[in-house]
Amino acid sequence: MTQRVALVTGGSRGIGRAIAIELAHQGCSVAVNYTARADAAEEVVAAITEAGGTAVAVGADVSDADAVATMFEAVTEKLGRVTVLVNNAGITMDNLTMRMSEEEFDRVIAVNLKATFLCTKTALRGMLREKWGRIVNISSVAGISGNPGQANYAASKAGVIAMAKSVAKEVGSRGITVNAVAPGFIATDMTAALGDEANDAVAGSIAVGRLGTPEEIAAAVAFLASDAAGYITGQTIVVDGGLAL
Amino acid sequence: MDRSDVETRMKALLVGELGLEADKINNDARFEEDLEVDSLGVVELLMALEDEFGVEIPDDEAESILTVGSAVEAVIAKTG
């Protein structure tokens, strides 16, 4: 089997970083996309390379169609055709709906939802030619249960679940699966910003009794990206330690 | 590119790559209705054309390519 090429958007930090490293561990060549933090992306590339894997960093604002096209061209040239796409890049701009600006709404939808569409559309061109592909959208429990202050974020994360189902139906007959992973509270910069008190309070409502790790999300993504998961499509795996129970 | 050359290569592509029946292929044949290619199959066909002839067919143009003949015309228009 030839080496598969994976592209992880927002792969320089947090959950994306763990996914990039795990996919490399599973034998993929990995393109680590970043928007601003080239140094962080290069650190991920170095970690993968030191472990004997293959990786490159690719900078691109994935909410921009031209930037996405250029990014895919660069990855194809450096590593080959992308057959594993992880739509992970995401931002939050929290505010009560009554206080949320149009700009806060639009920006979160652009980065979390529109970018998923743009990358999916572009990646499918290569996957259809290969007649094999794996797309995993990183959602959130907020996209299933909602969350106060996150009308924009929750809507975007519900959107990537519905998008996965729709695209799954379109391309299932071509050996391409499209799924979502919905993390609960995971220890990353995003949740650290909430403060220790808030994190302790959250841990009390999680059956497993602690926050999750990025590696625990990466494990679910790597499974969905594998050959073994070829009969799973249009699904959402909730990885939240029992938060939603 | 010469019209008959395009038509010949187009037909070879439709038969060889997409498994269509050679005797059903003519310029008036509609991909979905006559040749029973599904909508995603038409997308794949146009990608195969792009590869075969080294052209680029944008989405808005692709939507109007419904028959073998219109695909031939699109390729000729782009290859000169």
# chains A, B, ... in the order shown; residues from 1 in each chain; ligands from 1

$ interface_residues --of "chain A" --to "chain B" --cutoff "12 Å" --atoms "only C-alpha atoms" --output "NGL selection string"
:A and (121 or 124-131 or 167 or 169-174)

$ select_by_dssp --residues "segment 4-245 of chain A" --states "strand (DSSP E or B)" --output "NGL selection string"
:A and (5-8 or 29-34 or 55-59 or 82-87 or 133-138 or 176-183 or 186 or 212 or 236-239)

$ atom_distance --atom1 "atom CA of Val160 of chain A" --atom2 "atom CA of Asp240 of chain A"
17.5 Å

$ residues_around --residues "Ala67 of chain A" --least-positions-apart "4" --cutoff "12 Å" --atoms "only C-alpha atoms" --output "ChimeraX atom specification"
/A:33-35,58-63,71-74,115,118-119,122

$ residues_around --residues "Val8 of chain A" --least-positions-apart "2" --cutoff "8 Å" --atoms "only C-alpha atoms" --output "PyMOL selection string"
chain A and resi 6+10-11+16+19-20+30-33+85-88

$ atom_distance --atom1 "atom CA of Ile76 of chain B" --atom2 "atom CA of Glu32 of chain B"
21.9 Å
